[in-house]
Amino acid sequence: MIGNLKLQLIAMDGPVAVGKSSVGRLLARSLGFSFFDTGFMYRAFTWKVLRVGISPDDVSALSQLANKTRFDFVPCQEGYLSVIIDGEDVSSDILCPEVEGKVSLIARVAGVRQVMVTQQRRLAEQGKLIMAGRDIGTVVLPWAELKIFLVASVEERANRRYRELLEREEKVDYNITLADLEKRDDNDSHRVISPLKPADDAIIIDTENLSLKQVVDRIYDLVVGLNG
Ligand code: DC
């Protein structure tokens, strides 16, 4: 761990399955920071939308529901933060296909994003935090001292996701995984509000041929450099 670290916030953005969570968790551990993946909030909220039964097209009802929703951030393992929605822990439900299929539609609603951004900034007030997502460097925390944007080809990301699903012993088809990622990339990059893109001052790291450790080490070195 680096002593007397001045830096308080690291924004980490990038496309689906690029490794933000794996990198963020390891980095948080070595820096003594917390890690929060904002995708978790969009997924938890989508879970609630499905349960309440609101259509993803009903923008006004979605915004009202977001405004009435309570999010609490709770530490899990080794600095990894989870989110509790209206007092309920839904972490085991948010990777299901129903949530997966709707989340990017819900995430494009301005009123929903406004609520998420306010809550995410509230969390960031604690400092010593790595926050991952799509718009952290551009919209949520443009004042973060270090902004990282991870990239890798869609084929490489599909490979990583495919292997991860196999390890979890889930039924999986590489071509379906690839098509799903391409669709998610398209939704995330082409939406009108807060599309996926690097902040002007973000450091872009191409992870295509790097191991997880190499990516973490590279960011760690950047932190050390900023601290000096
Ligand atoms: O990172 P993820 O796959 O868990 O994200 C789920 C969805 O939420 C994805 O469609 C992108 C969206 N999202 C977003 O729009 N902004 C964020 N800061 C994080 C996630």
# chains A, B, ... in the order shown; residues from 1 in each chain; ligands from 1
call {"tool": "residues_near_ligand", "arguments": {"ligand": "ligand 1", "cutoff": "7 Å", "atoms": "only C-alpha atoms and all ligand atoms", "output": "JSON, numbers by chain"}}
result
{"A": [16, 38, 39, 40, 42, 43, 103, 104, 107, 108, 132, 133, 134, 135, 136, 184, 188]}
call {"tool": "select_by_dssp", "arguments": {"residues": "chain A", "states": "strand (DSSP E or B)", "output": "ChimeraX atom specification"}}
result
/A:9-13,34-37,71-75,80-85,88-89,129-133,146-151,203-206
call {"tool": "residues_around", "arguments": {"residues": "Ala179 (chain A)", "least_positions_apart": "3", "cutoff": "12 Å", "atoms": "only C-alpha atoms", "output": "list of chain:residue names"}}
result
A:Val154, A:Glu155, A:Arg157, A:Ala158, A:Asn159, A:Tyr162, A:Asp173, A:Tyr174, A:Asn175, A:Ile176, A:Glu182, A:Lys183, A:Arg184, A:Asp185, A:Asp186
call {"tool": "select_by_dssp", "arguments": {"residues": "region 52-197 of chain A", "states": "helix (DSSP H, G or I)", "output": "MDAnalysis selection string"}}
result
chainID A and resid 52 59:67 97:106 110:124 136:140 154:167 174:190
call {"tool": "atom_distance", "arguments": {"atom1": "CA of Leu50 (chain A)", "atom2": "CA of Val99 (chain A)"}}
result
7.8 Å
call {"tool": "residues_around", "arguments": {"residues": "region 194-206 of chain A", "least_positions_apart": "6", "cutoff": "6 Å", "atoms": "only C-alpha atoms", "output": "PyMOL selection string"}}
result
chain A and resi 134-135+137-138+147-152+188
call {"tool": "closest_residue", "arguments": {"among": "A:Leu105, A:Leu210, A:Val112, A:Val90", "to": "Asn67 (chain A)", "atoms": "only C-alpha atoms"}}
result
A:Val112
call {"tool": "atom_distance", "arguments": {"atom1": "CA of Leu129 (chain A)", "atom2": "CA of Phe36 (chain A)"}}
result
7.5 Å
call {"tool": "atom_distance", "arguments": {"atom1": "CA of Ile54 (chain A)", "atom2": "CA of Ile106 (chain A)"}}
result
10.4 Å
call {"tool": "residues_around", "arguments": {"residues": "Glu170 (chain A)", "least_positions_apart": "6", "cutoff": "12 Å", "atoms": "only C-alpha atoms", "output": "PyMOL selection string"}}
result
chain A and resi 95-96+161-164
call {"tool": "write_last_selection", "arguments": {"atoms": "all heavy atoms", "output": "mmCIF file, in the first residue's frame"}}
result
data_model
loop_
_atom_site.group_PDB
_atom_site.id
_atom_site.type_symbol
_atom_site.label_atom_id
_atom_site.label_comp_id
_atom_site.auth_asym_id
_atom_site.auth_seq_id
_atom_site.Cartn_x
_atom_site.Cartn_y
_atom_site.Cartn_z
ATOM 1 N N LEU A 95 -27.811 -10.839 -12.366
ATOM 2 C CA LEU A 95 -27.150 -11.335 -13.586
ATOM 3 C C LEU A 95 -28.095 -12.204 -14.423
ATOM 4 O O LEU A 95 -27.699 -12.760 -15.437
ATOM 5 C CB LEU A 95 -25.895 -12.137 -13.216
ATOM 6 C CG LEU A 95 -24.769 -11.312 -12.594
ATOM 7 C CD1 LEU A 95 -23.648 -12.220 -12.095
ATOM 8 C CD2 LEU A 95 -24.211 -10.294 -13.567
ATOM 9 N N CYS A 96 -29.366 -12.286 -14.000
ATOM 10 C CA CYS A 96 -30.295 -13.169 -14.706
ATOM 11 C C CYS A 96 -30.617 -12.615 -16.104
ATOM 12 O O CYS A 96 -30.474 -11.409 -16.350
ATOM 13 C CB CYS A 96 -31.572 -13.363 -13.896
ATOM 14 S SG CYS A 96 -32.584 -11.899 -13.831
ATOM 15 N N ARG A 161 -15.623 -13.297 -21.454
ATOM 16 C CA ARG A 161 -16.943 -13.546 -20.869
ATOM 17 C C ARG A 161 -17.325 -15.020 -21.017
ATOM 18 O O ARG A 161 -17.839 -15.643 -20.109
ATOM 19 C CB ARG A 161 -17.954 -12.611 -21.547
ATOM 20 C CG ARG A 161 -19.403 -12.720 -21.135
ATOM 21 C CD ARG A 161 -19.658 -12.591 -19.654
ATOM 22 N NE ARG A 161 -19.185 -11.407 -18.985
ATOM 23 C CZ ARG A 161 -19.892 -10.296 -18.815
ATOM 24 N NH1 ARG A 161 -21.111 -10.209 -19.289
ATOM 25 N NH2 ARG A 161 -19.391 -9.274 -18.149
ATOM 26 N N TYR A 162 -16.981 -15.580 -22.199
ATOM 27 C CA TYR A 162 -17.286 -16.989 -22.492
ATOM 28 C C TYR A 162 -16.592 -17.901 -21.475
ATOM 29 O O TYR A 162 -17.199 -18.790 -20.889
ATOM 30 C CB TYR A 162 -16.830 -17.291 -23.921
ATOM 31 C CG TYR A 162 -16.995 -18.711 -24.371
ATOM 32 C CD1 TYR A 162 -18.253 -19.228 -24.649
ATOM 33 C CD2 TYR A 162 -15.888 -19.547 -24.535
ATOM 34 C CE1 TYR A 162 -18.403 -20.538 -25.074
ATOM 35 C CE2 TYR A 162 -16.037 -20.852 -24.959
ATOM 36 C CZ TYR A 162 -17.295 -21.344 -25.226
ATOM 37 O OH TYR A 162 -17.447 -22.636 -25.636
ATOM 38 N N ARG A 163 -15.293 -17.625 -21.243
ATOM 39 C CA ARG A 163 -14.529 -18.458 -20.299
ATOM 40 C C ARG A 163 -15.078 -18.321 -18.867
ATOM 41 O O ARG A 163 -15.176 -19.289 -18.129
ATOM 42 C CB ARG A 163 -13.047 -18.079 -20.338
ATOM 43 C CG ARG A 163 -12.340 -18.560 -21.615
ATOM 44 C CD ARG A 163 -10.827 -18.524 -21.440
ATOM 45 N NE ARG A 163 -10.345 -17.192 -21.138
ATOM 46 C CZ ARG A 163 -9.862 -16.336 -22.042
ATOM 47 N NH1 ARG A 163 -9.786 -16.696 -23.321
ATOM 48 N NH2 ARG A 163 -9.430 -15.142 -21.696
ATOM 49 N N GLU A 164 -15.456 -17.083 -18.534
ATOM 50 C CA GLU A 164 -15.992 -16.811 -17.197
ATOM 51 C C GLU A 164 -17.295 -17.599 -16.980
ATOM 52 O O GLU A 164 -17.499 -18.217 -15.938
ATOM 53 C CB GLU A 164 -16.252 -15.301 -17.133
ATOM 54 C CG GLU A 164 -16.679 -14.722 -15.819
ATOM 55 C CD GLU A 164 -17.050 -13.245 -16.021
ATOM 56 O OE1 GLU A 164 -16.318 -12.510 -16.732
ATOM 57 O OE2 GLU A 164 -18.096 -12.837 -15.496
#
call {"tool": "residues_around", "arguments": {"residues": "Leu9 (chain A)", "least_positions_apart": "4", "cutoff": "12 Å", "atoms": "only C-alpha atoms", "output": "PyMOL selection string"}}
result
chain A and resi 5+28+31+33-36+121+123-132+136-137+140-148+223
call {"tool": "closest_residue", "arguments": {"among": "A:Ile94, A:Val52, A:Leu166, A:Tyr220", "to": "Gly32 (chain A)", "atoms": "only C-alpha atoms"}}
result
A:Tyr220
call {"tool": "closest_residue", "arguments": {"among": "A:Lys48, A:Arg113, A:Lys171, A:Lys102", "to": "Ser63 (chain A)", "atoms": "only C-alpha atoms"}}
result
A:Arg113
call {"tool": "closest_residue", "arguments": {"among": "A:Ser22, A:Ser30, A:Ser91, A:Gln114", "to": "Gln64 (chain A)", "atoms": "only C-alpha atoms"}}
result
A:Gln114
